[in-house]
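Source file: target_10.pdb (PDB, C-alpha atoms and all ligand atoms)
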ATOM      1  CA  MET A   1       0.000   0.000   0.000
ATOM      2  CA  ASN A   2       1.709   3.192  -1.186
ATOM      3  CA  ALA A   3      -1.018   5.613  -0.146
ATOM      4  CA  PRO A   4      -0.263   7.325   3.169
ATOM      5  CA  PRO A   5      -2.086   5.714   6.109
ATOM      6  CA  LEU A   6      -4.312   8.761   6.457
ATOM      7  CA  ARG A   7      -4.918  11.680   4.132
ATOM      8  CA  VAL A   8      -7.338  14.465   4.985
ATOM      9  CA  ARG A   9      -8.239  17.248   2.583
ATOM     10  CA  ALA A  10     -10.293  20.380   3.273
ATOM     11  CA  LEU A  11     -12.303  18.788   6.075
ATOM     12  CA  ASN A  12     -15.257  20.753   7.462
ATOM     13  CA  LYS A  13     -17.791  20.020  10.169
ATOM     14  CA  SER A  14     -20.321  22.270  11.907
ATOM     15  CA  TYR A  15     -22.721  21.617  14.751
ATOM     16  CA  ALA A  16     -25.837  23.831  14.798
ATOM     17  CA  GLY A  17     -24.201  26.263  12.402
ATOM     18  CA  VAL A  18     -20.996  26.559  14.434
ATOM     19  CA  ALA A  19     -17.830  25.425  12.644
ATOM     20  CA  VAL A  20     -16.021  22.858  14.792
ATOM     21  CA  VAL A  21     -13.575  21.664  12.111
ATOM     22  CA  GLU A  22     -12.692  24.203   9.456
ATOM     23  CA  ASP A  23     -10.785  23.452   6.298
ATOM     24  CA  LEU A  24      -8.355  20.979   7.878
ATOM     25  CA  SER A  25      -5.849  19.202   5.637
ATOM     26  CA  PHE A  26      -3.078  16.887   6.797
ATOM     27  CA  VAL A  27      -1.259  13.669   5.969
ATOM     28  CA  LEU A  28       0.019  10.876   8.214
ATOM     29  CA  GLU A  29       3.209   9.296   6.922
ATOM     30  CA  LYS A  30       3.771   5.585   7.457
ATOM     31  CA  GLY A  31       5.619   4.657  10.645
ATOM     32  CA  ARG A  32       5.413   8.174  12.061
ATOM     33  CA  CYS A  33       3.715   9.560  15.131
ATOM     34  CA  PHE A  34       1.452  12.492  14.279
ATOM     35  CA  GLY A  35       0.337  14.706  17.170
ATOM     36  CA  LEU A  36      -2.931  16.609  17.030
ATOM     37  CA  LEU A  37      -2.725  19.333  19.655
ATOM     38  CA  GLY A  38      -5.084  22.082  20.700
ATOM     39  CA  PRO A  39      -6.866  23.510  23.739
ATOM     40  CA  ASN A  40     -10.188  22.066  24.940
ATOM     41  CA  GLY A  41     -12.881  22.481  22.327
ATOM     42  CA  ALA A  42     -10.375  22.898  19.482
ATOM     43  CA  GLY A  43     -11.988  20.083  17.487
ATOM     44  CA  LYS A  44      -9.497  17.258  18.055
ATOM     45  CA  THR A  45     -11.944  14.531  19.062
ATOM     46  CA  THR A  46     -14.337  15.571  16.303
ATOM     47  CA  THR A  47     -11.472  15.278  13.797
ATOM     48  CA  LEU A  48     -10.631  11.775  15.045
ATOM     49  CA  LYS A  49     -14.302  10.761  14.820
ATOM     50  CA  LEU A  50     -14.550  12.092  11.278
ATOM     51  CA  CYS A  51     -11.399  10.197  10.271
ATOM     52  CA  LEU A  52     -12.827   6.963  11.680
ATOM     53  CA  GLY A  53     -16.187   7.418   9.951
ATOM     54  CA  LEU A  54     -18.014   7.802  13.278
ATOM     55  CA  SER A  55     -19.237  11.205  12.200
ATOM     56  CA  VAL A  56     -20.028  12.470   8.701
ATOM     57  CA  PRO A  57     -18.219  15.606   7.439
ATOM     58  CA  ASP A  58     -20.044  18.511   5.809
ATOM     59  CA  ALA A  59     -17.265  18.699   3.227
ATOM     60  CA  GLY A  60     -13.792  17.311   2.576
ATOM     61  CA  GLU A  61     -12.063  14.075   1.663
ATOM     62  CA  ILE A  62     -10.657  11.424   3.986
ATOM     63  CA  THR A  63      -8.704   8.357   2.928
ATOM     64  CA  LEU A  64      -7.829   5.931   5.723
ATOM     65  CA  ALA A  65      -5.692   2.862   4.930
ATOM     66  CA  GLY A  66      -6.532   3.423   1.280
ATOM     67  CA  HIS A  67     -10.312   3.507   1.904
ATOM     68  CA  ARG A  68     -12.665   6.446   1.447
ATOM     69  CA  ILE A  69     -14.232   7.580   4.701
ATOM     70  CA  PRO A  70     -17.052   7.495   5.713
ATOM     71  CA  GLU A  71     -18.249   5.304   2.800
ATOM     72  CA  ALA A  72     -15.756   2.464   3.348
ATOM     73  CA  ALA A  73     -15.174   2.973   7.071
ATOM     74  CA  GLN A  74     -15.832  -0.653   7.896
ATOM     75  CA  ALA A  75     -13.191  -1.908   5.481
ATOM     76  CA  ALA A  76     -10.699   0.665   6.801
ATOM     77  CA  ARG A  77     -11.299  -0.295  10.424
ATOM     78  CA  ALA A  78      -9.642  -3.672   9.853
ATOM     79  CA  PHE A  79      -6.338  -1.747   9.594
ATOM     80  CA  VAL A  80      -6.957   0.591  12.508
ATOM     81  CA  GLY A  81      -6.799   0.325  16.301
ATOM     82  CA  VAL A  82      -8.452   2.917  18.531
ATOM     83  CA  VAL A  83      -7.670   3.881  22.111
ATOM     84  CA  PRO A  84     -10.539   6.192  23.066
ATOM     85  CA  GLN A  85     -10.222   8.977  25.596
ATOM     86  CA  PHE A  86     -12.501   7.341  28.156
ATOM     87  CA  ASP A  87     -12.304   3.800  29.490
ATOM     88  CA  ASN A  88     -14.994   1.719  27.802
ATOM     89  CA  LEU A  89     -13.808  -1.702  28.962
ATOM     90  CA  ASP A  90     -16.518  -4.133  29.994
ATOM     91  CA  PRO A  91     -16.470  -4.076  33.831
ATOM     92  CA  ASP A  92     -18.152  -7.482  34.144
ATOM     93  CA  PHE A  93     -15.397  -9.202  32.195
ATOM     94  CA  THR A  94     -11.828 -10.151  33.004
ATOM     95  CA  VAL A  95      -8.766  -8.865  31.171
ATOM     96  CA  ARG A  96      -8.699 -11.855  28.822
ATOM     97  CA  GLU A  97     -12.443 -11.752  28.198
ATOM     98  CA  ASN A  98     -12.217  -8.085  27.200
ATOM     99  CA  LEU A  99      -9.540  -8.953  24.662
ATOM    100  CA  ARG A 100     -11.485 -11.960  23.361
ATOM    101  CA  VAL A 101     -14.614  -9.873  22.725
ATOM    102  CA  PHE A 102     -12.567  -7.628  20.446
ATOM    103  CA  GLY A 103     -11.009 -10.627  18.728
ATOM    104  CA  ARG A 104     -14.496 -11.884  17.889
ATOM    105  CA  TYR A 105     -15.474  -8.435  16.624
ATOM    106  CA  PHE A 106     -12.580  -8.609  14.161
ATOM    107  CA  GLY A 107     -13.469 -12.159  13.154
ATOM    108  CA  LEU A 108     -10.430 -13.867  14.700
ATOM    109  CA  SER A 109     -10.794 -17.600  15.264
ATOM    110  CA  LYS A 110     -10.338 -19.028  18.782
ATOM    111  CA  LYS A 111      -6.986 -20.399  17.702
ATOM    112  CA  GLU A 112      -5.765 -17.072  16.272
ATOM    113  CA  MET A 113      -6.942 -15.239  19.378
ATOM    114  CA  ALA A 114      -5.246 -17.724  21.694
ATOM    115  CA  ALA A 115      -2.006 -17.225  19.754
ATOM    116  CA  ARG A 116      -2.224 -13.427  20.066
ATOM    117  CA  MET A 117      -3.417 -13.405  23.662
ATOM    118  CA  GLU A 118      -0.048 -14.171  25.252
ATOM    119  CA  ALA A 119       1.770 -11.557  23.186
ATOM    120  CA  LEU A 120      -0.851  -8.930  24.035
ATOM    121  CA  LEU A 121      -0.763  -9.738  27.746
ATOM    122  CA  GLN A 122       2.995  -9.589  27.739
ATOM    123  CA  PHE A 123       3.119  -6.359  25.750
ATOM    124  CA  SER A 124       0.744  -4.690  28.193
ATOM    125  CA  SER A 125       2.483  -6.208  31.272
ATOM    126  CA  LEU A 126      -0.833  -7.775  32.293
ATOM    127  CA  SER A 127       0.098 -11.461  32.204
ATOM    128  CA  SER A 128      -0.408 -11.803  35.947
ATOM    129  CA  LYS A 129      -3.794 -10.034  35.698
ATOM    130  CA  ARG A 130      -5.195 -12.187  32.912
ATOM    131  CA  ASP A 131      -8.169 -13.390  34.967
ATOM    132  CA  THR A 132      -8.708 -10.192  36.951
ATOM    133  CA  ARG A 133     -11.942  -8.267  36.548
ATOM    134  CA  ILE A 134     -11.687  -4.734  35.219
ATOM    135  CA  ASP A 135     -12.806  -2.986  38.408
ATOM    136  CA  ALA A 136      -9.806  -4.476  40.235
ATOM    137  CA  LEU A 137      -7.290  -2.899  37.824
ATOM    138  CA  SER A 138      -5.420   0.361  38.434
ATOM    139  CA  GLY A 139      -5.844   3.284  36.030
ATOM    140  CA  GLY A 140      -2.517   2.485  34.381
ATOM    141  CA  MET A 141      -3.452  -1.189  33.919
ATOM    142  CA  LYS A 142      -6.795  -0.247  32.359
ATOM    143  CA  ARG A 143      -5.070   2.073  29.931
ATOM    144  CA  ARG A 144      -2.555  -0.611  28.994
ATOM    145  CA  LEU A 145      -5.430  -3.020  28.446
ATOM    146  CA  MET A 146      -7.141  -0.467  26.192
ATOM    147  CA  LEU A 147      -3.913  -0.287  24.212
ATOM    148  CA  ALA A 148      -3.648  -4.099  24.034
ATOM    149  CA  ARG A 149      -7.288  -4.271  22.946
ATOM    150  CA  ALA A 150      -6.616  -1.757  20.165
ATOM    151  CA  LEU A 151      -3.867  -4.102  18.940
ATOM    152  CA  VAL A 152      -6.008  -7.254  18.760
ATOM    153  CA  ASN A 153      -6.385  -6.965  14.972
ATOM    154  CA  ASP A 154      -2.667  -6.156  14.527
ATOM    155  CA  PRO A 155      -3.512  -2.750  13.000
ATOM    156  CA  ASP A 156      -1.181  -0.643  10.861
ATOM    157  CA  ILE A 157      -2.574   2.593  12.282
ATOM    158  CA  LEU A 158      -3.376   3.497  15.873
ATOM    159  CA  PHE A 159      -5.628   6.370  16.950
ATOM    160  CA  LEU A 160      -4.905   7.438  20.516
ATOM    161  CA  ASP A 161      -7.128  10.070  22.131
ATOM    162  CA  GLU A 162      -5.289  11.403  25.209
ATOM    163  CA  PRO A 163      -3.764   8.013  26.047
ATOM    164  CA  THR A 164      -2.119   9.092  29.311
ATOM    165  CA  THR A 165      -4.611  11.562  30.801
ATOM    166  CA  GLY A 166      -5.182  10.774  34.476
ATOM    167  CA  LEU A 167      -2.159   8.487  34.832
ATOM    168  CA  ASP A 168       0.670   8.911  37.313
ATOM    169  CA  PRO A 169       4.199   9.530  35.938
ATOM    170  CA  GLN A 170       5.262   5.866  36.204
ATOM    171  CA  ALA A 171       2.203   4.630  34.337
ATOM    172  CA  ARG A 172       2.638   7.381  31.755
ATOM    173  CA  HIS A 173       6.267   6.473  31.117
ATOM    174  CA  LEU A 174       5.298   2.842  30.606
ATOM    175  CA  ILE A 175       2.694   3.827  27.983
ATOM    176  CA  TRP A 176       5.286   6.057  26.253
ATOM    177  CA  GLU A 177       7.707   3.181  26.135
ATOM    178  CA  ARG A 178       5.065   0.892  24.599
ATOM    179  CA  LEU A 179       4.099   3.496  22.026
ATOM    180  CA  LYS A 180       7.761   3.883  21.055
ATOM    181  CA  THR A 181       7.987   0.101  20.655
ATOM    182  CA  LEU A 182       4.940   0.126  18.382
ATOM    183  CA  GLN A 183       6.386   2.926  16.313
ATOM    184  CA  GLY A 184       9.647   0.978  16.059
ATOM    185  CA  ALA A 185       7.620  -1.946  14.736
ATOM    186  CA  GLY A 186       6.396   0.259  11.881
ATOM    187  CA  LYS A 187       2.958   1.265  13.197
ATOM    188  CA  THR A 188       1.624   4.699  12.365
ATOM    189  CA  LEU A 189       0.281   6.659  15.330
ATOM    190  CA  LEU A 190      -2.190   9.528  15.511
ATOM    191  CA  LEU A 191      -2.190  10.991  18.981
ATOM    192  CA  THR A 192      -4.035  13.754  20.774
ATOM    193  CA  THR A 193      -2.660  14.941  24.075
ATOM    194  CA  HIS A 194      -2.602  17.831  26.510
ATOM    195  CA  PHE A 195       0.875  16.891  27.667
ATOM    196  CA  MET A 196       3.408  18.812  25.662
ATOM    197  CA  GLU A 197       6.235  16.705  27.018
ATOM    198  CA  GLU A 198       4.417  13.658  25.645
ATOM    199  CA  ALA A 199       4.029  15.265  22.228
ATOM    200  CA  GLU A 200       7.648  16.412  22.200
ATOM    201  CA  ARG A 201       8.931  12.933  23.078
ATOM    202  CA  LEU A 202       6.687  10.846  20.865
ATOM    203  CA  CYS A 203       5.628  12.884  17.856
ATOM    204  CA  ASP A 204       7.603  13.339  14.643
ATOM    205  CA  TRP A 205       5.070  15.812  13.359
ATOM    206  CA  ILE A 206       2.623  18.062  15.144
ATOM    207  CA  MET A 207      -0.428  19.969  13.997
ATOM    208  CA  VAL A 208      -1.811  22.588  16.361
ATOM    209  CA  VAL A 209      -5.513  23.411  15.968
ATOM    210  CA  ASP A 210      -7.607  26.063  17.617
ATOM    211  CA  GLY A 211     -11.237  26.862  16.936
ATOM    212  CA  GLY A 212     -11.258  23.997  14.397
ATOM    213  CA  ARG A 213      -8.514  25.559  12.258
ATOM    214  CA  LYS A 214      -4.895  24.621  11.765
ATOM    215  CA  ILE A 215      -2.692  27.288  13.307
ATOM    216  CA  ALA A 216       0.736  25.623  13.030
ATOM    217  CA  GLU A 217       2.372  22.453  11.779
ATOM    218  CA  GLY A 218       5.890  20.997  11.915
ATOM    219  CA  SER A 219       8.272  18.769  13.830
ATOM    220  CA  PRO A 220       8.547  19.659  17.536
ATOM    221  CA  ARG A 221      12.005  21.100  16.915
ATOM    222  CA  GLU A 222      10.849  23.187  13.972
ATOM    223  CA  LEU A 223       7.879  24.540  15.904
ATOM    224  CA  ILE A 224      10.116  25.592  18.786
ATOM    225  CA  ALA A 225      12.656  27.224  16.461
ATOM    226  CA  ARG A 226       9.958  28.994  14.433
ATOM    227  CA  HIS A 227       7.585  30.234  17.107
ATOM    228  CA  ILE A 228       9.529  30.909  20.271
ATOM    229  CA  GLU A 229      12.750  32.464  21.557
ATOM    230  CA  ALA A 230      15.389  29.871  22.475
ATOM    231  CA  GLN A 231      15.586  30.557  26.207
ATOM    232  CA  VAL A 232      13.039  31.020  28.950
ATOM    233  CA  VAL A 233      13.530  32.419  32.430
ATOM    234  CA  GLU A 234      10.658  31.930  34.870
ATOM    235  CA  VAL A 235      10.778  34.262  37.864
ATOM    236  CA  TYR A 236       8.682  34.130  41.023
ATOM    237  CA  ASP A 237       8.791  35.832  44.383
ATOM    238  CA  ALA A 238       9.401  33.570  47.361
ATOM    239  CA  SER A 239       9.438  36.289  50.033
ATOM    240  CA  GLY A 240       5.846  37.477  49.813
ATOM    241  CA  THR A 241       7.024  41.097  49.531
ATOM    242  CA  PRO A 242       4.166  43.145  48.063
ATOM    243  CA  ASP A 243       4.871  44.313  44.532
ATOM    244  CA  ALA A 244       8.270  42.545  44.410
ATOM    245  CA  LEU A 245       7.598  41.311  40.871
ATOM    246  CA  GLU A 246       6.293  44.697  39.736
ATOM    247  CA  VAL A 247       9.427  46.417  40.984
ATOM    248  CA  PHE A 248      11.557  43.810  39.286
ATOM    249  CA  ILE A 249       9.710  44.245  35.976
ATOM    250  CA  HIS A 250      10.278  47.977  36.193
ATOM    251  CA  THR A 251      13.993  47.502  36.885
ATOM    252  CA  ALA A 252      14.409  44.857  34.183
ATOM    253  CA  ARG A 253      12.794  47.072  31.560
ATOM    254  CA  ALA A 254      15.247  49.852  32.299
ATOM    255  CA  GLN A 255      18.279  47.548  31.915
ATOM    256  CA  GLU A 256      20.518  47.610  28.910
ATOM    257  CA  GLY A 257      20.563  44.465  26.795
ATOM    258  CA  MET A 258      17.017  43.471  27.715
ATOM    259  CA  GLU A 259      15.133  45.531  25.146
ATOM    260  CA  ASP A 260      14.205  42.653  22.889
ATOM    261  CA  MET A 261      13.071  40.410  25.711
ATOM    262  CA  ARG A 262       9.440  39.362  25.615
ATOM    263  CA  MET A 263       7.762  39.159  28.994
ATOM    264  CA  GLU A 264       4.474  37.651  30.169
ATOM    265  CA  LYS A 265       2.986  37.537  33.636
ATOM    266  CA  SER A 266       0.837  34.569  34.531
ATOM    267  CA  GLY A 267      -0.473  34.495  38.089
ATOM    268  CA  GLU A 268       2.561  35.032  40.292
ATOM    269  CA  THR A 269       5.125  34.010  37.679
ATOM    270  CA  LEU A 270       6.989  36.142  35.174
ATOM    271  CA  PHE A 271       8.045  34.484  31.947
ATOM    272  CA  PHE A 272      10.916  36.062  30.030
ATOM    273  CA  TYR A 273      11.486  34.776  26.503
ATOM    274  CA  THR A 274      14.805  35.658  24.947
ATOM    275  CA  ARG A 275      17.613  34.591  22.635
ATOM    276  CA  GLU A 276      20.199  35.602  25.214
ATOM    277  CA  ALA A 277      19.476  35.519  28.957
ATOM    278  CA  ASN A 278      22.819  36.684  30.394
ATOM    279  CA  ALA A 279      21.770  40.259  31.202
ATOM    280  CA  LEU A 280      18.631  39.026  32.930
ATOM    281  CA  LEU A 281      20.523  36.367  34.899
ATOM    282  CA  ALA A 282      23.060  38.991  36.039
ATOM    283  CA  LEU A 283      20.218  41.169  37.249
ATOM    284  CA  LEU A 284      18.538  38.278  39.051
ATOM    285  CA  ALA A 285      21.788  37.594  40.905
ATOM    286  CA  GLN A 286      21.217  40.958  42.621
ATOM    287  CA  TRP A 287      17.686  39.989  43.727
ATOM    288  CA  PRO A 288      18.137  37.137  46.212
ATOM    289  CA  THR A 289      14.471  37.167  47.262
ATOM    290  CA  LEU A 290      13.366  36.153  43.779
ATOM    291  CA  ARG A 291      13.543  32.538  42.671
ATOM    292  CA  TYR A 292      14.022  31.646  39.075
ATOM    293  CA  THR A 293      14.385  28.806  36.583
ATOM    294  CA  HIS A 294      16.422  29.197  33.418
ATOM    295  CA  ARG A 295      15.631  26.626  30.739
ATOM    296  CA  ALA A 296      15.461  25.955  27.020
ATOM    297  CA  ALA A 297      12.164  26.787  25.332
ATOM    298  CA  ASN A 298       9.877  23.788  24.875
ATOM    299  CA  LEU A 299       6.709  22.812  23.081
ATOM    300  CA  GLU A 300       4.543  24.041  25.942
ATOM    301  CA  ASP A 301       5.922  27.548  25.435
ATOM    302  CA  VAL A 302       5.028  27.276  21.747
ATOM    303  CA  PHE A 303       1.544  26.015  22.561
ATOM    304  CA  ILE A 304       0.894  28.885  24.984
ATOM    305  CA  ARG A 305       2.278  31.387  22.486
ATOM    306  CA  LEU A 306      -0.018  30.107  19.757
ATOM    307  CA  THR A 307      -3.190  29.526  21.760
ATOM    308  CA  GLY A 308      -2.892  32.010  24.639
ATOM    309  CA  ARG A 309      -3.009  31.609  28.394
ATOM    310  CA  GLU A 310      -6.754  31.933  28.956
ATOM    311  CA  LEU A 311      -8.658  28.921  30.275
ATOM    312  CA  ARG A 312     -10.869  27.213  27.695
ATOM    313  CA  ASP A 313     -13.135  25.032  29.829
TER     314      ASP A 313
HETATM  315  P1  LIG A 401     -11.488  18.789  21.617
HETATM  316  O1  LIG A 401     -11.425  17.293  21.419
HETATM  317  O2  LIG A 401     -10.404  19.522  20.896
HETATM  318  O3  LIG A 401     -11.590  19.190  23.045
HETATM  319  P2  LIG A 401     -14.101  18.495  20.428
HETATM  320  O4  LIG A 401     -13.874  17.987  19.060
HETATM  321  O5  LIG A 401     -14.552  17.517  21.460
HETATM  322  O6  LIG A 401     -12.831  19.305  20.903
HETATM  323  O7  LIG A 401     -15.201  19.639  20.386
HETATM  324  C1  LIG A 401     -15.119  20.775  19.544
HETATM  325  C2  LIG A 401     -16.374  21.601  19.684
HETATM  326  O8  LIG A 401     -17.457  20.893  19.111
HETATM  327  C3  LIG A 401     -16.753  21.888  21.122
HETATM  328  O9  LIG A 401     -17.217  23.204  21.183
HETATM  329  C4  LIG A 401     -17.865  20.899  21.381
HETATM  330  O10 LIG A 401     -18.767  21.402  22.324
HETATM  331  C5  LIG A 401     -18.516  20.770  20.009
HETATM  332  N1  LIG A 401     -19.133  19.454  19.770
HETATM  333  C6  LIG A 401     -18.475  18.274  19.711
HETATM  334  N2  LIG A 401     -19.334  17.262  19.455
HETATM  335  C7  LIG A 401     -20.557  17.816  19.332
HETATM  336  C8  LIG A 401     -21.881  17.302  19.048
HETATM  337  N3  LIG A 401     -22.074  15.999  18.835
HETATM  338  N4  LIG A 401     -22.901  18.188  18.993
HETATM  339  C9  LIG A 401     -22.685  19.504  19.185
HETATM  340  N5  LIG A 401     -21.479  20.060  19.449
HETATM  341  C10 LIG A 401     -20.426  19.232  19.520
END
Please express what this file holds, its structure, as structure tokens.
Amino acid sequence: MNAPPLRVRALNKSYAGVAVVEDLSFVLEKGRCFGLLGPNGAGKTTTLKLCLGLSVPDAGEITLAGHRIPEAAQAARAFVGVVPQFDNLDPDFTVRENLRVFGRYFGLSKKEMAARMEALLQFSSLSSKRDTRIDALSGGMKRRLMLARALVNDPDILFLDEPTTGLDPQARHLIWERLKTLQGAGKTLLLTTHFMEEAERLCDWIMVVDGGRKIAEGSPRELIARHIEAQVVEVYDASGTPDALEVFIHTARAQEGMEDMRMEKSGETLFFYTREANALLALLAQWPTLRYTHRAANLEDVFIRLTGRELRD
């Protein structure tokens, strides 16, 4: 199959006259991890649903695993695994029973399923939980089972909607490791996430959407180089002195060498974005009551720059 795993052209979807997905075009390359990022309500889940044929677009073209969507969604689904945002495992069943149900859905024989079962249990580190009911699993185990379940049909393409939301760091790292393994095995991943560290680690290519529209696209490195200054200094006041940050801002602005520094205040933290932080660091050395962190710019800085700091819920 030479066609890319997923190709989307000029996709549009409105609900009650409000555009939720607007003129979106993108391509998933084989064996890559594509990250779909955006604040709440940006249209990410709707886009995934449209690509899977679970919702019908108002306009646009979607080809998934070489099949037109939504017309041939059923044929395409044989090549696709889906890890939905919310746990929809059957609570009355055990780990193995949940996997078997999916095997039957994809038409696997008992023999084929038995052969895959061990590999899936091992991959998801759930071998010792094979006969455990779902309600006795931890959040991380459930998520790993959802991933194993999405792999029952040995898909070429995996859709992952916020695969690590609600997990602790250990459980999250384990999922990251498994996703890397899958990518290494040639699977193509489409991922939505609110964790910029996750996107930066896993994704080869990122598309940022807001209000249903594409606002940026590129590799994590390209996005950082294109949209943000290289260095960030975060400053906060640890002493509780009234107006300490205001006085510091005033002083910093009057300093030489800091003219081209971009500054944002968010709550009680000042963010300085700059190509060269030396003048600022020298000034901070004279302000022992202020704490600061000096770091390289990351994808979260880009995301905030592109989509703003206001809450979207
Ligand atoms: P995201 O996944 O980026 O948070 P969604 O795709 O879930 O965004 O939602 C985008 C917008 O579409 C939101 O404003 C949401 O309320 C709206 N929306 C999603 N599904 C429906 C629906 N079935 N009917 C009406 N509005 C919807």
Nearby polymer residues, ligand LIG 401 (chain A), at most 7 Å, all atoms listed in the file, as a PyMOL selection string: chain A and resi 15-16+20+38-47
Go through the shown structure with the PyMOL selection byres (((chain A and resi 67-82) around 9) and not hetatm) and write out the matching residues as a VMD selection string. chain A and resid 50 to 57 61 to 66 83 to 84 106 146 to 147 149 to 161
Using only C-alpha atoms: which of A:Ala297, A:Ala185, A:Ala254, A:Leu24 has the shortest distance to Gly211 in chain A: A:Leu24
Fewer than 5 positions away in the same chain doesn't count, so skip those; otherwise give me all residues within 10 Å of Glu300 in chain A, counting only C-alpha atoms, as a short mmCIF file (atom, residue, chain, number, x, y, z; two decimals) with C-alpha atoms, keeping the file's coordinate frame.
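Contents of the output file result_16.cif:
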data_model
loop_
_atom_site.label_atom_id
_atom_site.label_comp_id
_atom_site.auth_asym_id
_atom_site.auth_seq_id
_atom_site.Cartn_x
_atom_site.Cartn_y
_atom_site.Cartn_z
CA HIS A 194 -2.60 17.83 26.51
CA PHE A 195 0.88 16.89 27.67
CA MET A 196 3.41 18.81 25.66
CA GLU A 197 6.24 16.70 27.02
CA ALA A 199 4.03 15.26 22.23
CA GLU A 200 7.65 16.41 22.20
CA ILE A 224 10.12 25.59 18.79
CA ARG A 305 2.28 31.39 22.49
CA LEU A 306 -0.02 30.11 19.76
#
With distances taken over only C-alpha atoms, which of A:Val233, A:Ala136, A:Leu36, A:Ala238 is nearest to Thr289 in chain A?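 Result for the nearest residue to Thr289 in chain A: A:Ala238.
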Would you give the centre and edge lengths, in Å to one decimal, of a box along x, y and z around the listed atoms of range 118-136 of chain A, with 5 Å added to each side, as JSON?
{"center_x": -4.8, "center_y": -8.6, "center_z": 31.7, "size_x": 25.9, "size_y": 21.2, "size_z": 27.0}
Please provide as a PyMOL selection string all residues within 12 Å of range 126-134 of chain A, with the sequence filter that same-chain residues fewer than 2 positions apart are discarded (counting only C-alpha atoms). chain A and resi 87-100+117-124+136-149
Between A:Thr193, A:Ala59, A:Arg213, A:Leu202, single out the one closest to Thr181 in chain A, counting only C-alpha atoms.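 Result for the nearest residue to Thr181 in chain A: A:Leu202.
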Interatomic distance, CA of Lys13 in chain A to CA of Glu222 in chain A (Å, one decimal): 29.1 Å
In Å to one decimal, how far is CA of Tyr236 in chain A from CA of Tyr292 in chain A?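 If I compute the distance from CA of Tyr292 in chain A to CA of Tyr236 in chain A, I get 6.2 Å.
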Could you check how far CA of Gly107 in chain A sits from CA of Asn2 in chain A, in Å to one decimal? 25.9 Å
Residues matched by the PyMOL selection byres (((chain A and resi 179) around 10) and not hetatm) as an MDAnalysis selection string: chainID A and resid 33 147 158 160 163 173:178 180:185 187 189 202
Residues just named, written with C-alpha atoms as a PDB file, in the coordinates of the input:
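Written out: selection-v8.pdb:
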ATOM      1  CA  CYS A  33       3.715   9.560  15.131  1.00  0.00           C
ATOM      2  CA  LEU A 147      -3.913  -0.287  24.212  1.00  0.00           C
ATOM      3  CA  LEU A 158      -3.376   3.497  15.873  1.00  0.00           C
ATOM      4  CA  LEU A 160      -4.905   7.438  20.516  1.00  0.00           C
ATOM      5  CA  PRO A 163      -3.764   8.013  26.047  1.00  0.00           C
ATOM      6  CA  HIS A 173       6.267   6.473  31.117  1.00  0.00           C
ATOM      7  CA  LEU A 174       5.298   2.842  30.606  1.00  0.00           C
ATOM      8  CA  ILE A 175       2.694   3.827  27.983  1.00  0.00           C
ATOM      9  CA  TRP A 176       5.286   6.057  26.253  1.00  0.00           C
ATOM     10  CA  GLU A 177       7.707   3.181  26.135  1.00  0.00           C
ATOM     11  CA  ARG A 178       5.065   0.892  24.599  1.00  0.00           C
ATOM     12  CA  LYS A 180       7.761   3.883  21.055  1.00  0.00           C
ATOM     13  CA  THR A 181       7.987   0.101  20.655  1.00  0.00           C
ATOM     14  CA  LEU A 182       4.940   0.126  18.382  1.00  0.00           C
ATOM     15  CA  GLN A 183       6.386   2.926  16.313  1.00  0.00           C
ATOM     16  CA  GLY A 184       9.647   0.978  16.059  1.00  0.00           C
ATOM     17  CA  ALA A 185       7.620  -1.946  14.736  1.00  0.00           C
ATOM     18  CA  LYS A 187       2.958   1.265  13.197  1.00  0.00           C
ATOM     19  CA  LEU A 189       0.281   6.659  15.330  1.00  0.00           C
ATOM     20  CA  LEU A 202       6.687  10.846  20.865  1.00  0.00           C
TER      21      LEU A 202
END
Residue with smallest distance to Phe271 in chain A - pool A:Asp243, A:Asp301, A:Asp135, A:Glu256, counting only C-alpha atoms: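 Nearest to Phe271 in chain A: A:Asp301.
Residue neighbourhood of Leu281 in chain A, excluding near-sequence residues (fewer than 3 positions): Gln231, Val232, Val233, Glu234, Val235, Ala252, Gln255, Gly257, Met258, Phe272, Thr274, Glu276, Ala277, Asn278, Leu284, Ala285, Gln286, Trp287, Pro288, Leu290, Arg291, Tyr292, Thr293, His294 and Arg295 of chain A, at 12 Å, using all atoms listed in the file.
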Could you write out the selected residues, including C-alpha atoms, as a tab-separated table (two decimals), keeping the file's coordinate frame?
chain	number	residue	atom	x	y	z
A	231	GLN	CA	15.59	30.56	26.21
A	232	VAL	CA	13.04	31.02	28.95
A	233	VAL	CA	13.53	32.42	32.43
A	234	GLU	CA	10.66	31.93	34.87
A	235	VAL	CA	10.78	34.26	37.86
A	252	ALA	CA	14.41	44.86	34.18
A	255	GLN	CA	18.28	47.55	31.92
A	257	GLY	CA	20.56	44.46	26.80
A	258	MET	CA	17.02	43.47	27.72
A	272	PHE	CA	10.92	36.06	30.03
A	274	THR	CA	14.80	35.66	24.95
A	276	GLU	CA	20.20	35.60	25.21
A	277	ALA	CA	19.48	35.52	28.96
A	278	ASN	CA	22.82	36.68	30.39
A	284	LEU	CA	18.54	38.28	39.05
A	285	ALA	CA	21.79	37.59	40.90
A	286	GLN	CA	21.22	40.96	42.62
A	287	TRP	CA	17.69	39.99	43.73
A	288	PRO	CA	18.14	37.14	46.21
A	290	LEU	CA	13.37	36.15	43.78
A	291	ARG	CA	13.54	32.54	42.67
A	292	TYR	CA	14.02	31.65	39.08
A	293	THR	CA	14.38	28.81	36.58
A	294	HIS	CA	16.42	29.20	33.42
A	295	ARG	CA	15.63	26.63	30.74
